[in-house]
Every structure is written in structure tokens, then in C-alpha cells.
$ cat work.cif   # mmCIF, C-alpha atoms
data_start
#
loop_
_atom_site.label_atom_id
_atom_site.label_comp_id
_atom_site.auth_asym_id
_atom_site.auth_seq_id
_atom_site.Cartn_x
_atom_site.Cartn_y
_atom_site.Cartn_z
CA MET Q 275 -74.31 4.50 -15.04
CA SER Q 276 -72.32 7.30 -13.40
CA LYS Q 277 -68.68 7.61 -14.44
CA THR Q 278 -67.69 9.03 -11.07
CA THR Q 279 -69.76 7.10 -8.48
CA PHE Q 280 -69.74 3.44 -7.55
CA THR Q 281 -72.55 2.45 -5.19
CA ILE Q 282 -74.13 -0.68 -3.81
CA GLU Q 283 -75.79 1.23 -0.98
CA GLY Q 284 -78.47 -0.49 1.08
CA ARG Q 285 -78.54 -3.80 -0.74
CA GLY Q 286 -78.07 -5.87 2.42
CA LEU Q 287 -75.38 -8.05 0.85
CA LYS Q 288 -73.20 -10.37 2.93
CA LEU Q 289 -69.81 -10.40 1.24
CA ASP Q 290 -67.13 -12.55 2.83
CA SER Q 291 -64.46 -13.44 0.31
CA ALA Q 292 -62.57 -11.80 -2.54
CA ALA Q 293 -64.67 -13.89 -4.92
CA ASP Q 294 -67.85 -12.42 -3.44
CA VAL Q 295 -66.80 -8.91 -4.49
CA GLN Q 296 -65.11 -9.76 -7.79
CA GLU Q 297 -68.00 -8.37 -9.82
CA PHE Q 298 -67.75 -5.04 -8.01
CA ILE Q 299 -63.98 -4.92 -8.31
CA ALA Q 300 -64.24 -5.36 -12.08
CA THR Q 301 -66.61 -2.40 -12.20
CA ILE Q 302 -64.35 -0.25 -10.04
CA GLU Q 303 -61.27 -1.10 -12.08
CA GLY Q 304 -63.09 0.04 -15.22
CA MET Q 305 -63.96 3.46 -13.76
CA ASP Q 306 -61.01 5.74 -14.55
CA GLU Q 307 -62.85 8.82 -13.22
CA LEU Q 308 -64.03 7.24 -9.97
CA GLU Q 309 -64.57 9.84 -7.20
CA ASN Q 310 -67.26 8.42 -4.90
CA VAL Q 311 -67.46 4.94 -3.38
CA ILE Q 312 -70.59 4.05 -1.40
CA LEU Q 313 -70.60 0.66 0.32
CA SER Q 314 -73.08 1.48 3.11
CA GLY Q 315 -75.79 -0.94 4.14
CA ASN Q 316 -73.94 -4.16 3.33
CA THR Q 317 -71.60 -6.31 5.44
CA PHE Q 318 -68.03 -7.19 4.49
CA GLY Q 319 -65.57 -9.77 5.74
CA VAL Q 320 -61.81 -9.29 5.95
CA GLU Q 321 -60.94 -10.84 2.58
CA ALA Q 322 -63.69 -8.91 0.82
CA CYS Q 323 -62.40 -5.67 2.35
CA ARG Q 324 -58.83 -6.38 1.35
CA ALA Q 325 -59.83 -7.09 -2.24
CA LEU Q 326 -61.94 -3.94 -2.49
CA ALA Q 327 -59.21 -1.88 -0.84
CA ALA Q 328 -56.65 -3.12 -3.37
CA ALA Q 329 -58.90 -1.90 -6.19
CA LEU Q 330 -59.52 1.47 -4.52
CA ALA Q 331 -55.80 1.98 -3.94
CA LYS Q 332 -55.44 2.41 -7.72
CA LYS Q 333 -58.01 5.22 -7.92
CA PRO Q 334 -56.24 8.57 -7.40
CA LEU Q 335 -59.31 10.80 -7.83
CA LEU Q 336 -61.32 9.50 -4.89
CA LYS Q 337 -63.21 12.21 -2.99
CA LEU Q 338 -65.84 10.34 -0.95
CA ALA Q 339 -65.53 7.07 0.96
CA GLN Q 340 -68.98 6.23 2.32
CA PHE Q 341 -68.40 3.20 4.54
CA SER Q 342 -71.16 3.55 7.13
CA ASP Q 343 -72.90 0.40 8.41
CA ILE Q 344 -70.65 -2.13 6.67
CA PHE Q 345 -69.82 -4.54 9.50
CA THR Q 346 -73.19 -5.75 10.79
CA GLY Q 347 -72.84 -9.25 12.19
CA ARG Q 348 -69.05 -9.23 12.04
CA LEU Q 349 -66.79 -10.18 14.93
CA ARG Q 350 -65.00 -7.32 16.67
CA SER Q 351 -61.73 -9.14 15.91
CA GLU Q 352 -62.38 -8.93 12.14
CA ILE Q 353 -63.01 -5.21 11.91
CA PRO Q 354 -59.50 -3.83 12.66
CA ASP Q 355 -58.03 -5.76 9.71
CA CYS Q 356 -60.76 -4.35 7.47
CA LEU Q 357 -60.06 -0.82 8.63
CA VAL Q 358 -56.31 -1.22 8.12
CA ALA Q 359 -56.95 -2.32 4.53
CA PHE Q 360 -59.20 0.62 3.75
CA GLY Q 361 -56.95 3.08 5.58
CA ASP Q 362 -53.90 1.95 3.62
CA ALA Q 363 -55.83 2.31 0.37
CA LEU Q 364 -56.96 5.85 1.16
CA LYS Q 365 -54.06 7.42 3.01
CA ASP Q 366 -52.32 8.74 -0.12
CA LYS Q 367 -55.45 10.12 -1.81
CA LYS Q 368 -54.83 13.84 -2.37
CA HIS Q 369 -58.41 14.63 -3.36
CA LEU Q 370 -60.18 12.73 -0.57
CA VAL Q 371 -62.71 15.05 1.09
CA GLU Q 372 -64.90 12.79 3.23
CA LEU Q 373 -64.59 9.53 5.15
CA ASN Q 374 -67.78 8.21 6.74
CA LEU Q 375 -67.48 5.21 9.05
CA SER Q 376 -70.62 5.90 11.10
CA ASP Q 377 -72.86 3.14 12.48
CA ASN Q 378 -70.08 0.61 12.74
CA ALA Q 379 -69.78 -0.66 16.31
CA PHE Q 380 -66.01 -1.13 16.33
CA GLY Q 381 -65.31 0.55 19.68
CA ALA Q 382 -61.91 1.81 20.77
CA ALA Q 383 -60.19 -1.09 19.00
CA GLY Q 384 -61.39 0.31 15.68
CA VAL Q 385 -59.71 3.69 16.15
CA HIS Q 386 -56.15 2.37 16.36
CA PRO Q 387 -56.20 1.05 12.75
CA LEU Q 388 -57.27 4.53 11.60
CA VAL Q 389 -54.35 6.37 13.20
CA GLU Q 390 -52.01 5.82 10.25
CA PHE Q 391 -54.65 7.12 7.85
CA LEU Q 392 -55.54 10.16 9.98
CA THR Q 393 -51.93 11.18 10.45
CA THR Q 394 -50.89 10.57 6.82
CA ASN Q 395 -53.81 11.85 4.75
CA ARG Q 396 -54.02 15.47 5.78
CA ASN Q 397 -56.30 16.54 2.93
CA LEU Q 398 -59.43 15.14 4.58
CA GLN Q 399 -62.10 17.75 5.30
CA ILE Q 400 -65.01 15.70 6.69
CA LEU Q 401 -64.65 12.94 9.27
CA LYS Q 402 -67.81 11.11 10.32
CA LEU Q 403 -67.53 8.69 13.22
CA ASN Q 404 -71.08 8.66 14.54
CA ASN Q 405 -72.34 5.77 16.66
CA ASN Q 406 -69.14 3.75 16.76
CA GLY Q 407 -68.97 3.07 20.51
CA LEU Q 408 -65.55 4.73 20.77
CA GLY Q 409 -65.74 5.33 24.52
CA VAL Q 410 -63.26 7.45 26.44
CA THR Q 411 -60.27 5.42 25.23
CA GLY Q 412 -61.27 5.66 21.59
CA GLY Q 413 -61.89 9.38 21.95
CA LYS Q 414 -58.40 9.88 23.37
CA VAL Q 415 -56.81 7.88 20.56
CA LEU Q 416 -58.71 9.92 17.99
CA ALA Q 417 -57.63 13.17 19.65
CA GLU Q 418 -54.00 12.04 19.73
CA ALA Q 419 -54.12 11.20 16.01
CA LEU Q 420 -55.55 14.62 15.22
CA MET Q 421 -52.83 16.27 17.30
CA THR Q 422 -50.15 14.32 15.44
CA ALA Q 423 -51.64 15.47 12.14
CA HIS Q 424 -51.58 19.04 13.45
CA HIS Q 425 -47.90 18.83 14.40
CA LYS Q 426 -47.06 17.46 10.95
CA ASN Q 427 -48.98 20.33 9.36
CA VAL Q 428 -47.03 22.84 11.44
CA ALA Q 429 -43.72 21.24 10.50
CA GLU Q 430 -44.63 21.50 6.81
CA GLY Q 431 -46.12 24.99 7.03
CA LYS Q 432 -49.47 23.54 5.95
CA LYS Q 433 -52.87 24.74 7.14
CA SER Q 434 -55.27 22.08 8.38
CA SER Q 435 -57.91 20.96 5.91
CA LEU Q 436 -60.23 19.55 8.59
CA ARG Q 437 -63.66 21.21 8.55
CA VAL Q 438 -66.25 18.76 9.90
CA VAL Q 439 -66.12 16.29 12.81
CA ILE Q 440 -69.21 14.20 13.53
CA ALA Q 441 -68.83 11.99 16.61
CA GLY Q 442 -72.21 11.51 18.26
CA ARG Q 443 -73.41 8.54 20.31
CA ASN Q 444 -69.91 7.41 21.25
CA ARG Q 445 -69.85 7.59 25.08
CA LEU Q 446 -66.94 10.03 24.88
CA GLU Q 447 -67.85 11.47 28.31
CA ASN Q 448 -65.64 13.86 30.27
CA GLY Q 449 -62.61 11.59 29.99
CA SER Q 450 -61.87 12.32 26.33
CA SER Q 451 -63.49 15.75 25.95
CA PRO Q 452 -60.45 17.83 27.01
CA ASP Q 453 -58.23 15.88 24.59
CA LEU Q 454 -60.65 16.38 21.71
CA ALA Q 455 -61.08 20.05 22.64
CA LYS Q 456 -57.32 20.53 22.48
CA ALA Q 457 -57.20 18.85 19.06
CA PHE Q 458 -60.05 21.02 17.75
CA ALA Q 459 -58.25 24.13 19.01
CA ALA Q 460 -55.00 23.02 17.38
CA HIS Q 461 -56.58 22.63 13.96
CA GLY Q 462 -58.64 25.79 14.37
CA THR Q 463 -60.45 25.25 11.07
CA LEU Q 464 -63.65 23.46 12.10
CA THR Q 465 -66.93 24.76 10.71
CA HIS Q 466 -69.20 21.90 11.85
CA VAL Q 467 -68.92 19.93 15.10
CA ALA Q 468 -71.57 17.43 16.19
CA MET Q 469 -71.10 15.45 19.42
CA PRO Q 470 -74.64 14.64 20.63
CA GLN Q 471 -75.49 11.92 23.14
CA ASN Q 472 -72.01 11.39 24.54
CA GLY Q 473 -72.60 11.59 28.29
CA ILE Q 474 -70.44 14.71 28.52
CA ARG Q 475 -70.96 16.63 31.75
CA MET Q 476 -70.07 20.14 32.89
CA GLU Q 477 -66.29 19.79 33.05
CA GLY Q 478 -66.14 18.31 29.56
CA ILE Q 479 -68.55 20.91 28.25
CA GLU Q 480 -66.30 23.66 29.61
CA ALA Q 481 -63.29 22.19 27.84
CA LEU Q 482 -65.15 21.94 24.53
CA ALA Q 483 -66.30 25.56 24.80
CA ALA Q 484 -62.75 26.77 25.28
CA GLY Q 485 -61.32 24.58 22.54
CA LEU Q 486 -63.89 25.60 19.98
CA THR Q 487 -63.27 29.31 20.53
CA LYS Q 488 -60.10 28.65 18.53
CA CYS Q 489 -62.34 27.80 15.54
CA PRO Q 490 -63.71 31.24 14.55
CA GLY Q 491 -65.33 29.89 11.38
CA LEU Q 492 -67.69 27.58 13.28
CA GLU Q 493 -71.10 27.45 11.58
CA ILE Q 494 -72.84 24.41 13.07
CA LEU Q 495 -72.57 23.20 16.68
CA ASP Q 496 -74.60 20.23 17.91
CA LEU Q 497 -74.13 19.06 21.51
CA GLN Q 498 -77.64 17.73 22.03
CA ASP Q 499 -78.32 15.44 24.99
CA ASN Q 500 -75.22 16.14 27.06
CA THR Q 501 -75.29 17.92 30.43
CA PHE Q 502 -74.52 21.65 30.70
CA THR Q 503 -76.17 23.11 33.80
CA LYS Q 504 -75.35 26.72 34.59
CA ARG Q 505 -71.64 25.93 34.73
CA GLY Q 506 -71.48 24.70 31.14
CA CYS Q 507 -73.69 27.55 29.93
CA ARG Q 508 -71.32 30.05 31.51
CA ALA Q 509 -68.46 28.64 29.43
CA PHE Q 510 -70.46 28.73 26.21
CA ALA Q 511 -71.76 32.21 26.99
CA ALA Q 512 -68.13 33.28 27.00
CA ALA Q 513 -67.46 31.39 23.77
CA LEU Q 514 -70.44 32.52 21.64
CA PRO Q 515 -68.97 35.91 20.63
CA ALA Q 516 -66.09 34.07 18.92
CA TRP Q 517 -68.41 32.52 16.31
CA LYS Q 518 -69.60 35.25 13.98
CA GLU Q 519 -70.44 32.70 11.27
CA LEU Q 520 -72.62 30.51 13.52
CA ARG Q 521 -75.81 29.36 11.78
CA ARG Q 522 -77.09 26.38 13.76
CA LEU Q 523 -76.93 25.87 17.53
CA ASN Q 524 -78.31 22.69 19.10
CA PHE Q 525 -78.23 22.56 22.89
CA GLY Q 526 -81.46 20.57 23.14
CA GLU Q 527 -81.94 18.20 26.09
CA CYS Q 528 -78.81 19.57 27.75
CA LEU Q 529 -80.28 20.63 31.11
CA LEU Q 530 -79.17 24.21 30.58
CA SER Q 531 -81.01 25.40 33.72
CA ASN Q 532 -83.07 28.57 33.77
CA ARG Q 533 -80.16 30.77 34.76
CA GLY Q 534 -77.88 29.05 32.28
CA ALA Q 535 -80.31 29.78 29.45
CA ILE Q 536 -80.38 33.42 30.53
CA LEU Q 537 -76.58 33.55 30.37
CA LEU Q 538 -76.67 32.22 26.81
CA SER Q 539 -79.29 34.82 25.85
CA HIS Q 540 -77.15 37.58 27.32
CA ALA Q 541 -74.24 36.37 25.21
CA LEU Q 542 -76.38 36.34 22.07
CA ALA Q 543 -77.56 39.85 22.95
CA GLN Q 544 -74.04 41.10 22.26
CA GLY Q 545 -74.94 40.81 18.59
CA HIS Q 546 -71.96 38.71 17.49
CA ASN Q 547 -74.06 35.87 16.02
CA PRO Q 548 -76.35 37.58 13.47
CA LYS Q 549 -76.31 34.66 11.03
CA LEU Q 550 -78.05 32.24 13.39
CA GLU Q 551 -80.79 30.39 11.53
CA SER Q 552 -81.63 27.60 13.98
CA ILE Q 553 -81.64 27.27 17.78
CA ASP Q 554 -82.67 24.20 19.78
CA PHE Q 555 -83.17 24.80 23.51
CA THR Q 556 -85.64 21.94 24.09
CA TYR Q 557 -85.99 20.40 27.57
CA ALA Q 558 -83.66 23.03 28.97
CA GLU Q 559 -85.49 23.81 32.25
CA MET Q 560 -86.24 27.33 31.01
CA ARG Q 561 -88.93 29.29 32.79
CA GLU Q 562 -90.83 32.38 31.74
CA ASN Q 563 -88.13 34.95 32.48
CA ALA Q 564 -85.54 33.01 30.46
CA VAL Q 565 -87.93 32.71 27.52
CA LEU Q 566 -88.64 36.45 27.70
CA GLU Q 567 -84.88 37.13 27.60
CA LEU Q 568 -84.59 35.01 24.48
CA ALA Q 569 -87.54 36.79 22.86
CA SER Q 570 -85.82 40.11 23.42
CA VAL Q 571 -82.62 38.81 21.80
CA ILE Q 572 -84.49 37.46 18.78
CA SER Q 573 -86.28 40.75 18.28
CA ALA Q 574 -83.10 42.83 18.45
CA HIS Q 575 -80.40 40.62 16.96
CA LEU Q 576 -81.58 37.40 15.27
CA SER Q 577 -83.38 38.47 12.11
CA ASN Q 578 -82.27 35.32 10.26
CA LEU Q 579 -83.71 32.85 12.78
CA THR Q 580 -86.06 30.55 10.85
CA LYS Q 581 -86.16 27.59 13.27
CA LEU Q 582 -86.59 27.69 17.04
CA GLU Q 583 -87.26 24.66 19.26
CA LEU Q 584 -88.40 25.28 22.84
CA ASN Q 585 -90.54 22.22 23.57
CA GLY Q 586 -90.32 20.64 27.03
CA ASN Q 587 -89.56 23.81 28.97
CA GLN Q 588 -91.35 25.02 32.09
CA VAL Q 589 -93.57 27.58 30.41
CA GLU Q 590 -97.22 27.34 29.43
CA GLU Q 591 -97.89 27.31 25.72
CA ASP Q 592 -100.29 30.23 26.03
CA SER Q 593 -98.02 32.28 28.31
CA ALA Q 594 -96.92 35.86 27.74
CA ALA Q 595 -93.37 34.60 27.21
CA ILE Q 596 -94.35 32.35 24.30
CA ASP Q 597 -96.43 35.18 22.86
CA ALA Q 598 -93.32 37.36 23.05
CA ILE Q 599 -91.33 34.71 21.16
CA ARG Q 600 -93.94 34.57 18.42
CA ASP Q 601 -94.02 38.37 18.19
CA ALA Q 602 -90.22 38.53 17.96
CA LEU Q 603 -90.13 35.95 15.16
CA SER Q 604 -92.97 37.68 13.33
CA ARG Q 605 -91.03 40.92 13.47
CA HIS Q 606 -88.58 39.37 11.02
CA GLY Q 607 -91.20 37.60 8.91
CA HIS Q 608 -90.61 34.16 10.45
CA GLU Q 609 -94.02 33.46 11.96
CA ASP Q 610 -93.68 29.70 11.40
CA ALA Q 611 -90.21 29.35 12.96
CA LEU Q 612 -91.38 28.12 16.37
CA GLY Q 613 -91.61 24.34 16.60
CA ASP Q 614 -94.22 22.23 18.38
CA LEU Q 615 -94.92 22.95 22.04
CA ASP Q 616 -96.85 19.79 22.87
CA ASP Q 617 -94.78 18.80 25.90
CA MET Q 618 -94.42 22.02 27.86
CA GLU Q 619 -94.32 21.78 31.66
CA GLU Q 620 -96.47 24.04 33.77
CA PRO Q 621 -94.29 25.67 36.45
CA ASP Q 622 -95.34 24.97 40.03
CA SER Q 623 -95.70 27.67 42.66
CA GLY Q 624 -92.21 27.08 44.00
CA GLU Q 625 -90.72 27.71 40.59
CA GLU Q 626 -92.76 30.88 40.21
CA GLU Q 627 -91.47 32.15 43.57
CA GLU Q 628 -87.92 31.34 42.54
CA GLU Q 629 -88.45 33.22 39.29
CA GLU Q 630 -89.60 36.31 41.20
CA GLU Q 631 -86.52 36.10 43.42
CA GLU Q 632 -84.33 35.87 40.32
CA LYS Q 633 -85.90 39.01 38.91
CA GLU Q 634 -85.21 40.91 42.12
CA GLU Q 635 -81.58 39.79 42.27
CA GLU Q 636 -80.95 39.97 38.54
CA GLY Q 637 -79.00 43.23 38.42
CA GLU Q 638 -76.28 42.23 40.84
CA GLU Q 639 -76.23 38.66 39.62
CA GLU Q 640 -75.71 39.74 36.02
CA LYS Q 641 -72.60 41.69 37.00
CA GLU Q 642 -71.25 38.75 38.98
CA GLU Q 643 -72.02 36.23 36.22
CA GLY Q 644 -70.51 38.49 33.58
CA LYS Q 645 -67.22 38.53 35.46
CA LYS Q 646 -67.38 34.76 35.94
CA VAL Q 647 -67.95 34.30 32.22
CA ASP Q 648 -64.84 36.33 31.40
CA ASP Q 649 -62.74 34.60 34.05
CA GLU Q 650 -63.93 31.16 33.00
CA LEU Q 651 -63.04 31.61 29.36
CA ALA Q 652 -59.60 33.00 30.22
CA ARG Q 653 -58.89 30.06 32.52
CA LEU Q 654 -60.05 27.43 30.06
CA ALA Q 655 -58.34 29.03 27.08
CA ALA Q 656 -55.04 29.06 29.01
CA LYS Q 657 -55.31 25.30 29.41
CA LEU Q 658 -55.58 24.85 25.66
CA GLU Q 659 -52.54 26.76 24.45
CA VAL Q 660 -51.11 24.77 21.54
#
$ encode --input "work.cif" --output "C-alpha cells"
Amino acid sequence: MSKTTFTIEGRGLKLDSAADVQEFIATIEGMDELENVILSGNTFGVEACRALAAALAKKPLLKLAQFSDIFTGRLRSEIPDCLVAFGDALKDKKHLVELNLSDNAFGAAGVHPLVEFLTTNRNLQILKLNNNGLGVTGGKVLAEALMTAHHKNVAEGKKSSLRVVIAGRNRLENGSSPDLAKAFAAHGTLTHVAMPQNGIRMEGIEALAAGLTKCPGLEILDLQDNTFTKRGCRAFAAALPAWKELRRLNFGECLLSNRGAILLSHALAQGHNPKLESIDFTYAEMRENAVLELASVISAHLSNLTKLELNGNQVEEDSAAIDAIRDALSRHGHEDALGDLDDMEEPDSGEEEEEEEEKEEEGEEEKEEGKKVDDELARLAAKLEV
């Protein structure tokens, strides 16, 4: 048995009372070197949580609290008390690196009990709140807690420890995105942000782009299945040069638009993101000219790209544009980087005519869009001064 890890992961246990967890508490109390606690895949009542929390409060070396999927079948009214108990147990842990509360449907009501923890324990590096049903209200409460932690850090002359925020499938929408963007900008230390499937539209996307430019060490950005359009792409085109460490970019299923995808390619063509290893532009409404732009960028600037997803775009699989993508990847020895193309859409004649018009107007439009990109970033960044 490990001296540093306690786990009952995935056992499907229903634990209601303190007596139900007494066996586990005895084990925990006997582990002087305990660093990792994994409770995921079981369900705990209030008294069981309080008893476990009391045992964990005595473990100063804790680094990982893996509490995902631990409230299945519980009443919404029970969960806040459970979270208060765990938060109180963990808030003074100086070595705590990660808290994972994903896949617990506690909604906005579950964020309030975490505020004390988030504003007191400022050693946490990884916060995972995926699929919690936070909604706009919960997102705002989370952002406010992060801002409070930031202000405390500033008062103490302490740099933020926060590195990773995972908050997908939470219906955060536009309402909470500016607040979260401001909090991300305030901390400025994020290396991994994942907010897929949140119903965020263009205005919220713009705010996130501006906020994240304040995080120059960003390595992984996942905004899959939100809505960009050209407007959101313009904001991220302005932001991309800020992230020289960027390795993974997931804008799949984001309705980038053909012109929006071209704007992103033009930003990548500046050569500020040479470490990119993975790009997902699936179901982005890209047509042949946008794919050709991307191929050119890959050939010239993305020698480390080992994974590229373009499925669901409006280009034939055997088109010259896809051939150009394959050639560009092969140039760097990454022949197998391109993912499946089993759901490509054949462009209709109207789209082909529009593409020809875009080519004719491209020179002047590029100049105009370039200025808009610069203006947009300046405007959004000014909103996020912290």
C-alpha cells in the first residue's frame, strides 16, 4: 500500500454517516506521509464528509484532493455543507497543489462554500471545476473569489500560484466571461485554461482574449464548442502573439467563419507561436482559401505541429488545399499529424463564388482587418486594467 496516497476511486460506495467511513478514517489517520486523497466515483453524505474532513485537517502534507463525482444522488441542499467541511479542512494546507471537484452538479450554490477556501489557500496551482452547472451566477462568484485572492496576494507582495483553471460544461455564457477574464488577467500566471461547452458568444470571447493576453506563459487553451465568428477570431488574432509558449490550441466547433480562420492564420504567420504542437479547427466553416492560408503558416512557422484537426470544414478531402496541408506537415516530418476527414462538407457554388470574391478583395481587407485587430485588442485590454 502506498504511504502517500489514499484512494477508494470508482468503488461506487454510498457512504452516509461517520460510521460508514470509519474504516477509511482509521487508514488516513495512520498515514503520516499522506499527500494524495482520491475519493472520486463514490457518493458521500454530510456526516460522512464532515468525518473525513476532520481526518484530512490533520494531514499537513496534502498535495492532491481528488473529489470529482462524489455527490451522485445527493440533494442539492446537502452539498454546500459537504463543501464547507472539505474547504475548512484544506484551506490551511501549504503544499496543496490541486483541487478537483469536477462532475459534481452543485450549481451556483456550491461555489459560495468554496469562497473561503479559494481566498485563504493561495498556494493552489490547479483548480478543476468541470461540469458543475455553475451558470452565470456561479461563474461570477468564482471570479470574485479569485479577485479577492489576487488582492490579498498584492497586499502581501506574493505572486499568484494559480496555473490551471478547468471550467468546461458550466453554462458560464457571456454573463460571467468578462468577470473571469478580469480575474485571469489579475493573476497573470495561467498556463492552462479550458472552458469548452459554455455557451460563450462573441462578446464573452472577446473579453477572454483580452484577459488571457495578461498570461504570457499560456501553454494550453481549450475553448471548444463556444461561438467565435469573425468578431471573436479578430480578438484572438490580436492575442496570439502574446503566447510564445503556446503548445495546444483548441477552437474546434467554434464557428470561426472562413474569414475568421484566415485572421487566425495571419496571426500565427507572425511566428510568435513556434511551440504549437496541436491545433483543432474542426467544424469551423473554413473553405479552401482559409485552409491554404493555414498550410502556408504550417510550412513556414509550425515545425512542431504533430496534431491537426480540420474535420467538418467546407473543403473536399481530395482538394488542393488538403494536399497542401499534408505537404506542409510532411515538410517537418509529421505526415500522420492530420486527423480524420470523414465529415467534410463539399462547398456549393455560392460558397465558391464568395471565395473568389474574397481573393479579389483580400489585399485591402487584410489592411483593414489588421487595423481592427490592433484597435480591438487595445480597447479590450483597457477594460481589463487591474
$ residues_near_point --input "work.cif" --point "(-72.2, -9.4, 10.7)" --cutoff "8 Å" --atoms "only C-alpha atoms" --output "ChimeraX atom specification"
/Q:288,317-318,345-349
$ residues_around --input "work.cif" --residues "Ser376 (chain Q)" --least-positions-apart "4" --cutoff "7 Å" --atoms "only C-alpha atoms" --output "JSON, numbers by chain"
{"Q": [342, 343, 402, 403, 404, 405, 406]}
$ resolve_selection --input "work.cif" --expression "the PyMOL selection byres ((chain Q and resi 585-593) around 10)" --output "number ranges by chain"
Q: 526-527, 531-532, 554-565, 582-584, 594-598, 612-622, 625
$ write_last_selection --input "work.cif" --atoms "C-alpha atoms" --output "PDB file, in the coordinates of the input"
ATOM      1  CA  GLY Q 526     -81.460  20.570  23.140  1.00  0.00           C
ATOM      2  CA  GLU Q 527     -81.940  18.200  26.090  1.00  0.00           C
ATOM      3  CA  SER Q 531     -81.010  25.400  33.720  1.00  0.00           C
ATOM      4  CA  ASN Q 532     -83.070  28.570  33.770  1.00  0.00           C
ATOM      5  CA  ASP Q 554     -82.670  24.200  19.780  1.00  0.00           C
ATOM      6  CA  PHE Q 555     -83.170  24.800  23.510  1.00  0.00           C
ATOM      7  CA  THR Q 556     -85.640  21.940  24.090  1.00  0.00           C
ATOM      8  CA  TYR Q 557     -85.990  20.400  27.570  1.00  0.00           C
ATOM      9  CA  ALA Q 558     -83.660  23.030  28.970  1.00  0.00           C
ATOM     10  CA  GLU Q 559     -85.490  23.810  32.250  1.00  0.00           C
ATOM     11  CA  MET Q 560     -86.240  27.330  31.010  1.00  0.00           C
ATOM     12  CA  ARG Q 561     -88.930  29.290  32.790  1.00  0.00           C
ATOM     13  CA  GLU Q 562     -90.830  32.380  31.740  1.00  0.00           C
ATOM     14  CA  ASN Q 563     -88.130  34.950  32.480  1.00  0.00           C
ATOM     15  CA  ALA Q 564     -85.540  33.010  30.460  1.00  0.00           C
ATOM     16  CA  VAL Q 565     -87.930  32.710  27.520  1.00  0.00           C
ATOM     17  CA  LEU Q 582     -86.590  27.690  17.040  1.00  0.00           C
ATOM     18  CA  GLU Q 583     -87.260  24.660  19.260  1.00  0.00           C
ATOM     19  CA  LEU Q 584     -88.400  25.280  22.840  1.00  0.00           C
ATOM     20  CA  ALA Q 594     -96.920  35.860  27.740  1.00  0.00           C
ATOM     21  CA  ALA Q 595     -93.370  34.600  27.210  1.00  0.00           C
ATOM     22  CA  ILE Q 596     -94.350  32.350  24.300  1.00  0.00           C
ATOM     23  CA  ASP Q 597     -96.430  35.180  22.860  1.00  0.00           C
ATOM     24  CA  ALA Q 598     -93.320  37.360  23.050  1.00  0.00           C
ATOM     25  CA  LEU Q 612     -91.380  28.120  16.370  1.00  0.00           C
ATOM     26  CA  GLY Q 613     -91.610  24.340  16.600  1.00  0.00           C
ATOM     27  CA  ASP Q 614     -94.220  22.230  18.380  1.00  0.00           C
ATOM     28  CA  LEU Q 615     -94.920  22.950  22.040  1.00  0.00           C
ATOM     29  CA  ASP Q 616     -96.850  19.790  22.870  1.00  0.00           C
ATOM     30  CA  ASP Q 617     -94.780  18.800  25.900  1.00  0.00           C
ATOM     31  CA  MET Q 618     -94.420  22.020  27.860  1.00  0.00           C
ATOM     32  CA  GLU Q 619     -94.320  21.780  31.660  1.00  0.00           C
ATOM     33  CA  GLU Q 620     -96.470  24.040  33.770  1.00  0.00           C
ATOM     34  CA  PRO Q 621     -94.290  25.670  36.450  1.00  0.00           C
ATOM     35  CA  ASP Q 622     -95.340  24.970  40.030  1.00  0.00           C
ATOM     36  CA  GLU Q 625     -90.720  27.710  40.590  1.00  0.00           C
TER      37      GLU Q 625
END
$ atom_distance --input "work.cif" --atom1 "CA of Thr279 (chain Q)" --atom2 "CA of Arg437 (chain Q)"
22.9 Å
$ resolve_selection --input "work.cif" --expression "the PyMOL selection byres ((chain Q and resi 424) around 10)" --output "PyMOL selection string"
chain Q and resi 393+396+418-423+425-430+432-434+436+457-458+460-462+660
$ closest_residue --input "work.cif" --among "Q:Leu576, Q:Lys365, Q:Asn472, Q:Lys456" --to "Leu408 (chain Q)" --atoms "all atoms listed in the file"
Q:Asn472
$ residues_around --input "work.cif" --residues "Arg505 (chain Q)" --least-positions-apart "3" --cutoff "8 Å" --atoms "all atoms listed in the file" --output "JSON, numbers by chain"
{"Q": [476, 480, 502, 508, 509, 534]}
$ closest_residue --input "work.cif" --among "Q:Glu372, Q:Glu297, Q:Leu308, Q:Glu352" --to "Glu321 (chain Q)" --atoms "all atoms listed in the file"
Q:Glu352
$ atom_distance --input "work.cif" --atom1 "CA of Leu538 (chain Q)" --atom2 "CA of Thr465 (chain Q)"
20.2 Å
$ axis_aligned_box --input "work.cif" --around "region 434-448 of chain Q" --padding-each-side "6 Å" --output "lines of an AutoDock Vina configuration file"
center_x = -64.3
center_y = 14.7
center_z = 18.1
size_x = 30.1
size_y = 26.7
size_z = 36.4
$ atom_distance --input "work.cif" --atom1 "CA of Met305 (chain Q)" --atom2 "CA of Lys333 (chain Q)"
8.5 Å
$ residues_around --input "work.cif" --residues "Cys323 (chain Q)" --least-positions-apart "3" --cutoff "12 Å" --atoms "only C-alpha atoms" --output "PyMOL selection string"
chain Q and resi 288-296+298-299+313+316-320+326-331+341+344-345+352-363
$ closest_residue --input "work.cif" --among "Q:Asp306, Q:Glu493, Q:Glu609, Q:Glu447" --to "Lys581 (chain Q)" --atoms "all atoms listed in the file"
Q:Glu609
$ resolve_selection --input "work.cif" --expression "the PyMOL selection byres ((chain Q and resi 340) around 7)" --output "PyMOL selection string"
chain Q and resi 311-314+338-339+341-342+373-375
$ residues_around --input "work.cif" --residues "Pro452 (chain Q)" --least-positions-apart "3" --cutoff "7 Å" --atoms "only C-alpha atoms" --output "PyMOL selection string"
chain Q and resi 455-456+478+481-482
$ residues_around --input "work.cif" --residues "region 572-575 of chain Q" --least-positions-apart "6" --cutoff "7 Å" --atoms "all atoms listed in the file" --output "PyMOL selection string"
chain Q and resi 543+545+548+602-603+605
$ decode --input "work.cif" --residues "region 596-623 of chain Q" --atoms "C-alpha atoms" --output "short mmCIF file (atom, residue, chain, number, x, y, z; two decimals), in the first residue's frame"
data_model
loop_
_atom_site.label_atom_id
_atom_site.label_comp_id
_atom_site.auth_asym_id
_atom_site.auth_seq_id
_atom_site.Cartn_x
_atom_site.Cartn_y
_atom_site.Cartn_z
CA ILE Q 596 -5.86 19.45 -48.07
CA ASP Q 597 -2.97 18.29 -50.23
CA ALA Q 598 -1.16 21.50 -49.27
CA ILE Q 599 -1.79 20.77 -45.58
CA ARG Q 600 -0.35 17.28 -45.93
CA ASP Q 601 2.68 18.63 -47.80
CA ALA Q 602 3.27 21.28 -45.12
CA LEU Q 603 3.12 18.70 -42.33
CA SER Q 604 5.37 16.32 -44.25
CA ARG Q 605 7.91 19.10 -44.62
CA HIS Q 606 8.51 18.82 -40.88
CA GLY Q 607 8.31 15.02 -40.73
CA HIS Q 608 4.75 14.93 -39.35
CA GLU Q 609 2.95 13.08 -42.14
CA ASP Q 610 0.49 11.49 -39.71
CA ALA Q 611 -0.49 14.71 -37.91
CA LEU Q 612 -3.72 15.33 -39.83
CA GLY Q 613 -6.77 13.77 -38.19
CA ASP Q 614 -9.74 12.07 -39.83
CA LEU Q 615 -11.60 13.96 -42.54
CA ASP Q 616 -14.70 11.77 -42.71
CA ASP Q 617 -17.23 14.59 -42.31
CA MET Q 618 -16.02 17.26 -44.69
CA GLU Q 619 -18.63 19.41 -46.42
CA GLU Q 620 -18.46 20.00 -50.14
CA PRO Q 621 -18.76 23.74 -50.82
CA ASP Q 622 -21.69 24.76 -53.01
CA SER Q 623 -21.36 27.10 -55.97
#
